[in-house]
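Coordinates as given in target-v1.cif (mmCIF, C-alpha atoms):
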data_final
#
loop_
_atom_site.label_atom_id
_atom_site.label_comp_id
_atom_site.auth_asym_id
_atom_site.auth_seq_id
_atom_site.Cartn_x
_atom_site.Cartn_y
_atom_site.Cartn_z
CA MET A 1 75.98 86.47 85.97
CA SER A 2 75.72 90.09 87.09
CA ARG A 3 77.29 92.93 85.17
CA GLN A 4 79.47 93.62 88.20
CA SER A 5 80.87 90.09 88.12
CA GLU A 6 81.60 90.33 84.40
CA VAL A 7 83.48 93.58 84.92
CA ALA A 8 85.46 92.09 87.82
CA GLN A 9 86.51 89.14 85.68
CA SER A 10 87.52 91.32 82.74
CA GLU A 11 89.52 93.64 84.98
CA ALA A 12 91.28 90.69 86.63
CA VAL A 13 92.36 89.29 83.27
CA ARG A 14 93.57 92.66 82.00
CA ARG A 15 95.57 93.16 85.20
CA TYR A 16 97.05 89.68 84.87
CA ALA A 17 98.15 90.42 81.31
CA ARG A 18 99.72 93.70 82.42
CA ALA A 19 101.64 91.97 85.22
CA LEU A 20 102.98 89.38 82.78
CA ALA A 21 103.95 92.08 80.30
CA HIS A 22 105.74 93.99 83.06
CA PHE A 23 107.68 90.87 84.02
CA GLY A 24 108.30 89.93 80.41
CA ARG A 25 110.01 93.23 79.60
CA ARG A 26 112.61 92.31 82.21
CA VAL A 27 113.08 88.86 80.72
CA PHE A 28 114.12 90.42 77.42
CA GLN A 29 116.66 92.60 79.24
CA VAL A 30 118.59 89.62 80.62
CA ALA A 31 122.03 89.38 79.02
CA GLU A 32 123.61 86.01 78.35
CA ASP A 33 125.96 86.30 81.32
CA GLN A 34 123.22 87.40 83.73
CA TRP A 35 121.17 84.21 83.92
CA PRO A 36 123.21 82.82 86.85
CA LEU A 37 123.00 86.05 88.91
CA PRO A 38 121.49 85.87 92.42
CA THR A 39 118.09 87.41 93.16
CA PRO A 40 116.19 88.56 96.25
CA CYS A 41 114.70 85.03 96.23
CA THR A 42 117.77 83.80 98.08
CA GLU A 43 117.86 80.27 96.65
CA TRP A 44 117.01 81.29 93.09
CA SER A 45 119.12 82.69 90.29
CA VAL A 46 117.74 84.91 87.52
CA ARG A 47 117.20 81.78 85.43
CA ASP A 48 115.37 80.10 88.31
CA VAL A 49 112.97 83.04 88.72
CA VAL A 50 112.18 83.15 85.01
CA ASN A 51 111.84 79.38 84.90
CA HIS A 52 109.38 79.55 87.81
CA LEU A 53 107.20 82.09 86.03
CA VAL A 54 107.32 80.20 82.73
CA SER A 55 106.39 76.95 84.44
CA GLU A 56 103.47 78.66 86.19
CA GLN A 57 102.13 79.99 82.88
CA LEU A 58 102.48 76.58 81.23
CA TRP A 59 100.12 75.20 83.86
CA VAL A 60 97.40 77.78 83.16
CA PRO A 61 95.77 76.33 80.00
CA GLU A 62 95.79 72.85 81.53
CA LEU A 63 94.23 73.88 84.83
CA LEU A 64 91.65 76.18 83.24
CA ALA A 65 90.60 73.27 81.03
CA GLY A 66 89.84 71.28 84.17
CA ALA A 67 92.97 69.15 84.56
CA THR A 68 94.13 68.18 88.03
CA VAL A 69 97.69 68.47 89.29
CA GLN A 70 97.94 64.69 89.18
CA GLU A 71 96.83 64.60 85.55
CA VAL A 72 99.43 67.16 84.51
CA GLY A 73 102.03 65.30 86.52
CA ASP A 74 105.68 66.24 86.11
CA ARG A 75 105.35 67.66 82.60
CA PHE A 76 106.47 71.12 83.68
CA ASP A 77 109.01 70.13 86.33
CA GLY A 78 112.67 71.07 86.09
CA ASP A 79 114.14 73.61 83.71
CA VAL A 80 111.61 74.35 80.96
CA LEU A 81 113.41 77.36 79.44
CA GLY A 82 115.50 75.57 76.83
CA SER A 83 118.11 77.39 74.79
CA ASP A 84 116.01 80.55 74.21
CA PRO A 85 114.42 81.56 77.52
CA ALA A 86 112.90 84.79 76.17
CA ALA A 87 111.12 82.98 73.32
CA THR A 88 109.93 80.29 75.71
CA TRP A 89 108.57 82.99 78.01
CA SER A 90 106.73 84.72 75.16
CA ALA A 91 105.00 81.52 74.08
CA ALA A 92 103.99 80.58 77.62
CA GLU A 93 102.78 84.12 78.37
CA ALA A 94 100.65 84.29 75.22
CA ALA A 95 99.02 80.89 75.80
CA ALA A 96 98.24 81.64 79.44
CA CYS A 97 96.78 85.08 78.70
CA ASP A 98 94.66 83.63 75.91
CA ALA A 99 93.34 80.88 78.17
CA PHE A 100 92.24 83.32 80.86
CA ALA A 101 90.79 85.78 78.31
CA VAL A 102 88.73 83.13 76.51
CA LEU A 103 87.33 81.83 79.77
CA ALA A 104 86.48 85.33 81.00
CA GLU A 105 84.57 86.19 77.80
CA GLY A 106 81.76 83.93 78.91
CA GLY A 107 82.04 84.89 82.55
CA GLY A 108 83.73 81.58 83.16
CA LEU A 109 86.20 82.61 85.84
CA ASP A 110 83.79 81.30 88.44
CA ARG A 111 84.85 77.83 87.26
CA THR A 112 86.63 75.67 89.81
CA VAL A 113 90.29 74.93 89.21
CA HIS A 114 92.27 72.24 90.98
CA LEU A 115 95.47 73.65 92.46
CA SER A 116 98.14 71.92 94.51
CA TYR A 117 96.70 73.22 97.79
CA GLY A 118 93.06 72.55 96.88
CA ASP A 119 90.19 73.79 94.76
CA THR A 120 89.51 77.47 94.13
CA SER A 121 87.88 79.65 91.49
CA ALA A 122 89.62 80.57 88.27
CA LEU A 123 89.19 84.22 89.30
CA ALA A 124 91.10 83.66 92.55
CA TYR A 125 93.74 81.74 90.60
CA CYS A 126 94.09 84.66 88.19
CA ARG A 127 94.55 87.11 91.04
CA GLN A 128 97.17 84.92 92.72
CA MET A 129 99.11 84.60 89.48
CA THR A 130 98.96 88.37 88.98
CA SER A 131 100.43 89.01 92.42
CA ASP A 132 103.19 86.46 91.85
CA ALA A 133 104.22 87.99 88.53
CA THR A 134 104.15 91.49 90.02
CA VAL A 135 106.48 90.70 92.89
CA HIS A 136 108.83 88.58 90.80
CA ALA A 137 109.15 91.49 88.35
CA TRP A 138 110.68 93.41 91.24
CA ASP A 139 112.97 90.48 92.04
CA LEU A 140 114.17 90.29 88.46
CA THR A 141 114.71 94.03 88.12
CA ARG A 142 116.73 94.21 91.32
CA ALA A 143 118.80 91.18 90.31
CA LEU A 144 119.72 92.97 87.09
CA GLY A 145 120.76 96.06 89.03
CA GLY A 146 117.73 98.20 88.29
CA HIS A 147 115.57 100.26 90.64
CA ALA A 148 112.12 98.77 90.30
CA ARG A 149 109.03 100.90 90.70
CA LEU A 150 106.03 98.67 90.28
CA PRO A 151 102.80 100.00 88.74
CA GLU A 152 100.59 101.30 91.54
CA ASP A 153 97.49 99.39 90.50
CA LEU A 154 99.43 96.11 90.46
CA VAL A 155 100.81 96.86 93.92
CA GLU A 156 97.34 97.57 95.29
CA ALA A 157 95.91 94.44 93.71
CA ALA A 158 98.74 92.33 95.11
CA LEU A 159 98.31 93.79 98.59
CA ALA A 160 94.59 93.06 98.50
CA GLU A 161 95.38 89.50 97.41
CA VAL A 162 98.16 88.51 99.79
CA THR A 163 97.40 90.48 102.97
CA PRO A 164 94.73 88.05 104.26
CA TYR A 165 97.12 85.09 104.21
CA ALA A 166 100.59 86.67 104.22
CA HIS A 167 101.12 85.73 107.88
CA ALA A 168 101.01 82.04 106.96
CA LEU A 169 103.32 82.14 103.96
CA SER A 170 106.65 81.78 105.77
CA ALA A 171 105.43 78.51 107.30
CA THR A 172 105.35 77.00 103.82
CA GLY A 173 109.11 77.35 103.53
CA LEU A 174 108.68 79.17 100.22
CA PHE A 175 108.75 82.69 101.66
CA ALA A 176 111.03 84.49 104.09
CA PRO A 177 109.36 85.89 107.21
CA ALA A 178 107.73 89.29 106.83
CA VAL A 179 110.00 92.30 107.29
CA GLU A 180 109.09 95.23 109.55
CA VAL A 181 108.64 98.55 107.79
CA ALA A 182 108.92 102.09 109.07
CA PRO A 183 105.78 104.19 109.58
CA GLY A 184 104.78 105.91 106.38
CA ALA A 185 106.43 103.34 104.14
CA SER A 186 105.21 103.20 100.56
CA ARG A 187 102.62 100.68 99.51
CA GLN A 188 105.22 98.93 97.39
CA THR A 189 107.52 98.63 100.41
CA GLU A 190 104.61 97.23 102.45
CA LEU A 191 103.92 94.60 99.79
CA LEU A 192 107.54 93.53 99.49
CA ALA A 193 107.96 93.40 103.26
CA LEU A 194 104.88 91.20 103.65
CA LEU A 195 106.58 88.72 101.34
CA GLY A 196 109.92 88.83 103.13
CA ARG A 197 111.74 91.22 100.81
CA ARG A 198 113.87 94.21 101.76
CA THR A 199 113.70 97.11 99.33
CA GLY A 200 117.38 97.84 99.90
CA TRP A 201 118.48 94.44 98.60
CA ARG A 202 121.43 94.62 96.24
CA PRO A 203 123.25 91.92 94.30
CA PRO A 204 126.32 90.68 96.21
CA GLY A 205 129.30 92.86 95.37
CA ALA A 206 127.18 95.72 94.07
#
The structure in this file should be written as structure tokens.
Amino acid sequence: MSRQSEVAQSEAVRRYARALAHFGRRVFQVAEDQWPLPTPCTEWSVRDVVNHLVSEQLWVPELLAGATVQEVGDRFDGDVLGSDPAATWSAAEAAACDAFAVLAEGGGLDRTVHLSYGDTSALAYCRQMTSDATVHAWDLTRALGGHARLPEDLVEAALAEVTPYAHALSATGLFAPAVEVAPGASRQTELLALLGRRTGWRPPGA
């Protein structure tokens, strides 16, 4: 493996860990009465968004070890947060970051992983997961009433990741259609709009 490939893998894993840490700080800010609050993901509450991210991280060690979706089965379906969502998040985050880091040490992110939509490289999987955590950090911050400014490098990485296929995402039923943005909009606004989010979203009644 070339030095350039090794650096790309290491950078991808570091960025992934930063995106999870950014999201995780918001998880620890959720008050007991805020878990049912609505989010910019119109069908998901705060608890649903956190549950989604936790479930995704629980899959990581299994998939990086070579398991298929069928082999994992329904183990991580439903609500996986339990009675202490923040602690559950911390454990899932740590295990997922460790799994990617260990694999990257040997340049192993060129390994094939078996995702629900087909096979891809572990490096591509890492980048997808980074983008997802980045955007959901914005969702969670806005749901809690904050004004989210995402780290610029995470925004750029997410734009590079999702732009090639963003036009097809709304057809999956999992994303709202892209939103038009004004000329000169920020890169963060461009990213959110590509994924069907309006930067002016506020919790109902706010």
When you look at A:Glu156 with a cut-off of 10 Å (counting only C-alpha atoms), what residues show up, excluding the ones that are within fewer than 6 positions of it in the same chain? I need them as an MDAnalysis selection string.
chainID A and resid 131 187:188 191
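All polymer residues at most 9 Å from (98.8, 77.3, 98.9), using all atoms listed in the file, appear as A:Leu115, A:Ser116, A:Tyr117, A:Gly118, A:Leu169, A:Thr172.
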Can you list what the PyMOL selection byres ((chain A and resi 38) around 12) grabs from this structure, as an NGL selection string?
:A and (33-37 or 39-49 or 139-145 or 201-206)
12 Å contact set for A:Ala160, all atoms listed in the file, chain neighbours under 2 positions out, as a PDB file with C-alpha atoms, keeping the file's coordinate frame:
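Output below, filename out08.pdb:
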ATOM      1  CA  ALA A 124      91.100  83.660  92.550  1.00  0.00           C
ATOM      2  CA  ARG A 127      94.550  87.110  91.040  1.00  0.00           C
ATOM      3  CA  GLN A 128      97.170  84.920  92.720  1.00  0.00           C
ATOM      4  CA  THR A 130      98.960  88.370  88.980  1.00  0.00           C
ATOM      5  CA  SER A 131     100.430  89.010  92.420  1.00  0.00           C
ATOM      6  CA  ASP A 153      97.490  99.390  90.500  1.00  0.00           C
ATOM      7  CA  LEU A 154      99.430  96.110  90.460  1.00  0.00           C
ATOM      8  CA  VAL A 155     100.810  96.860  93.920  1.00  0.00           C
ATOM      9  CA  GLU A 156      97.340  97.570  95.290  1.00  0.00           C
ATOM     10  CA  ALA A 157      95.910  94.440  93.710  1.00  0.00           C
ATOM     11  CA  ALA A 158      98.740  92.330  95.110  1.00  0.00           C
ATOM     12  CA  VAL A 162      98.160  88.510  99.790  1.00  0.00           C
ATOM     13  CA  THR A 163      97.400  90.480 102.970  1.00  0.00           C
ATOM     14  CA  PRO A 164      94.730  88.050 104.260  1.00  0.00           C
ATOM     15  CA  TYR A 165      97.120  85.090 104.210  1.00  0.00           C
ATOM     16  CA  ALA A 166     100.590  86.670 104.220  1.00  0.00           C
ATOM     17  CA  ARG A 187     102.620 100.680  99.510  1.00  0.00           C
ATOM     18  CA  GLU A 190     104.610  97.230 102.450  1.00  0.00           C
ATOM     19  CA  LEU A 191     103.920  94.600  99.790  1.00  0.00           C
ATOM     20  CA  LEU A 194     104.880  91.200 103.650  1.00  0.00           C
TER      21      LEU A 194
END
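Of the residues listed (A:Ala101, A:Thr199, A:His114, A:Arg26), A:His114 shows the shortest atom-to-atom separation from A:Glu71; distances use all atoms listed in the file.
Of the residues under consideration (A:Gly108, A:Val7, A:Ala96, A:Thr189), A:Thr189 shows the shortest atom-to-atom contact distance to A:Trp138 when counting all atoms listed in the file.
Note that atom CA of A:Leu109 and atom CA of A:Gly24 are 23.9 Å apart.
As for atom CA of A:Ala92 and atom CA of A:Ala8, they are spaced 24.1 Å apart.
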Export: stretch 127-203 of chain A, C-alpha atoms, as a PDB file, in the first residue's frame:
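As a result, selection_4.pdb now contains:
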ATOM      1  CA  ARG A 127     -16.611   8.305   5.108  1.00  0.00           C
ATOM      2  CA  GLN A 128     -20.351   7.661   4.879  1.00  0.00           C
ATOM      3  CA  MET A 129     -20.594   7.210   8.632  1.00  0.00           C
ATOM      4  CA  THR A 130     -18.641  10.423   9.186  1.00  0.00           C
ATOM      5  CA  SER A 131     -21.044  12.400   7.010  1.00  0.00           C
ATOM      6  CA  ASP A 132     -24.061  10.912   8.765  1.00  0.00           C
ATOM      7  CA  ALA A 133     -22.762  11.780  12.229  1.00  0.00           C
ATOM      8  CA  THR A 134     -21.857  15.302  11.090  1.00  0.00           C
ATOM      9  CA  VAL A 135     -25.300  16.137   9.762  1.00  0.00           C
ATOM     10  CA  HIS A 136     -27.141  14.498  12.648  1.00  0.00           C
ATOM     11  CA  ALA A 137     -25.069  16.593  15.063  1.00  0.00           C
ATOM     12  CA  TRP A 138     -26.726  19.608  13.456  1.00  0.00           C
ATOM     13  CA  ASP A 139     -30.146  17.957  13.781  1.00  0.00           C
ATOM     14  CA  LEU A 140     -29.599  17.275  17.455  1.00  0.00           C
ATOM     15  CA  THR A 141     -28.270  20.740  18.221  1.00  0.00           C
ATOM     16  CA  ARG A 142     -31.194  22.435  16.502  1.00  0.00           C
ATOM     17  CA  ALA A 143     -33.684  20.154  18.272  1.00  0.00           C
ATOM     18  CA  LEU A 144     -32.220  21.251  21.595  1.00  0.00           C
ATOM     19  CA  GLY A 145     -32.580  24.900  20.618  1.00  0.00           C
ATOM     20  CA  GLY A 146     -28.944  25.597  19.828  1.00  0.00           C
ATOM     21  CA  HIS A 147     -27.388  27.311  16.815  1.00  0.00           C
ATOM     22  CA  ALA A 148     -25.153  24.693  15.280  1.00  0.00           C
ATOM     23  CA  ARG A 149     -21.978  25.655  13.479  1.00  0.00           C
ATOM     24  CA  LEU A 150     -20.380  22.496  12.206  1.00  0.00           C
ATOM     25  CA  PRO A 151     -16.584  22.176  11.959  1.00  0.00           C
ATOM     26  CA  GLU A 152     -15.514  23.318   8.495  1.00  0.00           C
ATOM     27  CA  ASP A 153     -13.430  20.255   7.717  1.00  0.00           C
ATOM     28  CA  LEU A 154     -16.343  17.957   8.556  1.00  0.00           C
ATOM     29  CA  VAL A 155     -18.637  20.008   6.329  1.00  0.00           C
ATOM     30  CA  GLU A 156     -16.192  19.804   3.426  1.00  0.00           C
ATOM     31  CA  ALA A 157     -15.713  16.078   3.888  1.00  0.00           C
ATOM     32  CA  ALA A 158     -19.469  15.510   4.009  1.00  0.00           C
ATOM     33  CA  LEU A 159     -20.037  17.584   0.878  1.00  0.00           C
ATOM     34  CA  ALA A 160     -17.375  15.613  -0.970  1.00  0.00           C
ATOM     35  CA  GLU A 161     -19.036  12.398   0.174  1.00  0.00           C
ATOM     36  CA  VAL A 162     -22.707  13.083  -0.506  1.00  0.00           C
ATOM     37  CA  THR A 163     -22.659  15.414  -3.525  1.00  0.00           C
ATOM     38  CA  PRO A 164     -22.162  12.638  -6.119  1.00  0.00           C
ATOM     39  CA  TYR A 165     -25.291  10.778  -5.018  1.00  0.00           C
ATOM     40  CA  ALA A 166     -27.360  13.403  -3.187  1.00  0.00           C
ATOM     41  CA  HIS A 167     -29.792  13.691  -6.102  1.00  0.00           C
ATOM     42  CA  ALA A 168     -30.883  10.089  -5.565  1.00  0.00           C
ATOM     43  CA  LEU A 169     -31.344  10.196  -1.808  1.00  0.00           C
ATOM     44  CA  SER A 170     -34.923  11.485  -1.689  1.00  0.00           C
ATOM     45  CA  ALA A 171     -36.032   8.512  -3.806  1.00  0.00           C
ATOM     46  CA  THR A 172     -35.086   6.220  -0.928  1.00  0.00           C
ATOM     47  CA  GLY A 173     -37.774   7.756   1.251  1.00  0.00           C
ATOM     48  CA  LEU A 174     -35.204   8.395   3.975  1.00  0.00           C
ATOM     49  CA  PHE A 175     -34.378  11.969   2.956  1.00  0.00           C
ATOM     50  CA  ALA A 176     -36.477  15.005   2.114  1.00  0.00           C
ATOM     51  CA  PRO A 177     -35.933  16.509  -1.341  1.00  0.00           C
ATOM     52  CA  ALA A 178     -33.022  18.910  -1.661  1.00  0.00           C
ATOM     53  CA  VAL A 179     -33.721  22.531  -0.749  1.00  0.00           C
ATOM     54  CA  GLU A 180     -32.750  25.443  -2.992  1.00  0.00           C
ATOM     55  CA  VAL A 181     -30.194  27.826  -1.530  1.00  0.00           C
ATOM     56  CA  ALA A 182     -29.464  31.444  -2.309  1.00  0.00           C
ATOM     57  CA  PRO A 183     -26.312  32.391  -4.230  1.00  0.00           C
ATOM     58  CA  GLY A 184     -23.374  32.768  -1.894  1.00  0.00           C
ATOM     59  CA  ALA A 185     -24.798  30.436   0.736  1.00  0.00           C
ATOM     60  CA  SER A 186     -22.312  28.965   3.182  1.00  0.00           C
ATOM     61  CA  ARG A 187     -20.887  25.521   2.635  1.00  0.00           C
ATOM     62  CA  GLN A 188     -22.760  24.290   5.695  1.00  0.00           C
ATOM     63  CA  THR A 189     -26.027  25.595   4.245  1.00  0.00           C
ATOM     64  CA  GLU A 190     -25.225  23.858   0.942  1.00  0.00           C
ATOM     65  CA  LEU A 191     -24.646  20.562   2.740  1.00  0.00           C
ATOM     66  CA  LEU A 192     -27.822  20.766   4.779  1.00  0.00           C
ATOM     67  CA  ALA A 193     -29.869  21.765   1.743  1.00  0.00           C
ATOM     68  CA  LEU A 194     -28.559  18.830  -0.273  1.00  0.00           C
ATOM     69  CA  LEU A 195     -29.945  16.574   2.447  1.00  0.00           C
ATOM     70  CA  GLY A 196     -33.322  18.288   2.612  1.00  0.00           C
ATOM     71  CA  ARG A 197     -32.713  20.472   5.658  1.00  0.00           C
ATOM     72  CA  ARG A 198     -33.529  24.151   6.081  1.00  0.00           C
ATOM     73  CA  THR A 199     -31.082  26.075   8.234  1.00  0.00           C
ATOM     74  CA  GLY A 200     -33.930  28.158   9.651  1.00  0.00           C
ATOM     75  CA  TRP A 201     -35.675  25.131  11.149  1.00  0.00           C
ATOM     76  CA  ARG A 202     -36.896  25.708  14.683  1.00  0.00           C
ATOM     77  CA  PRO A 203     -38.634  23.391  17.135  1.00  0.00           C
TER      78      PRO A 203
END
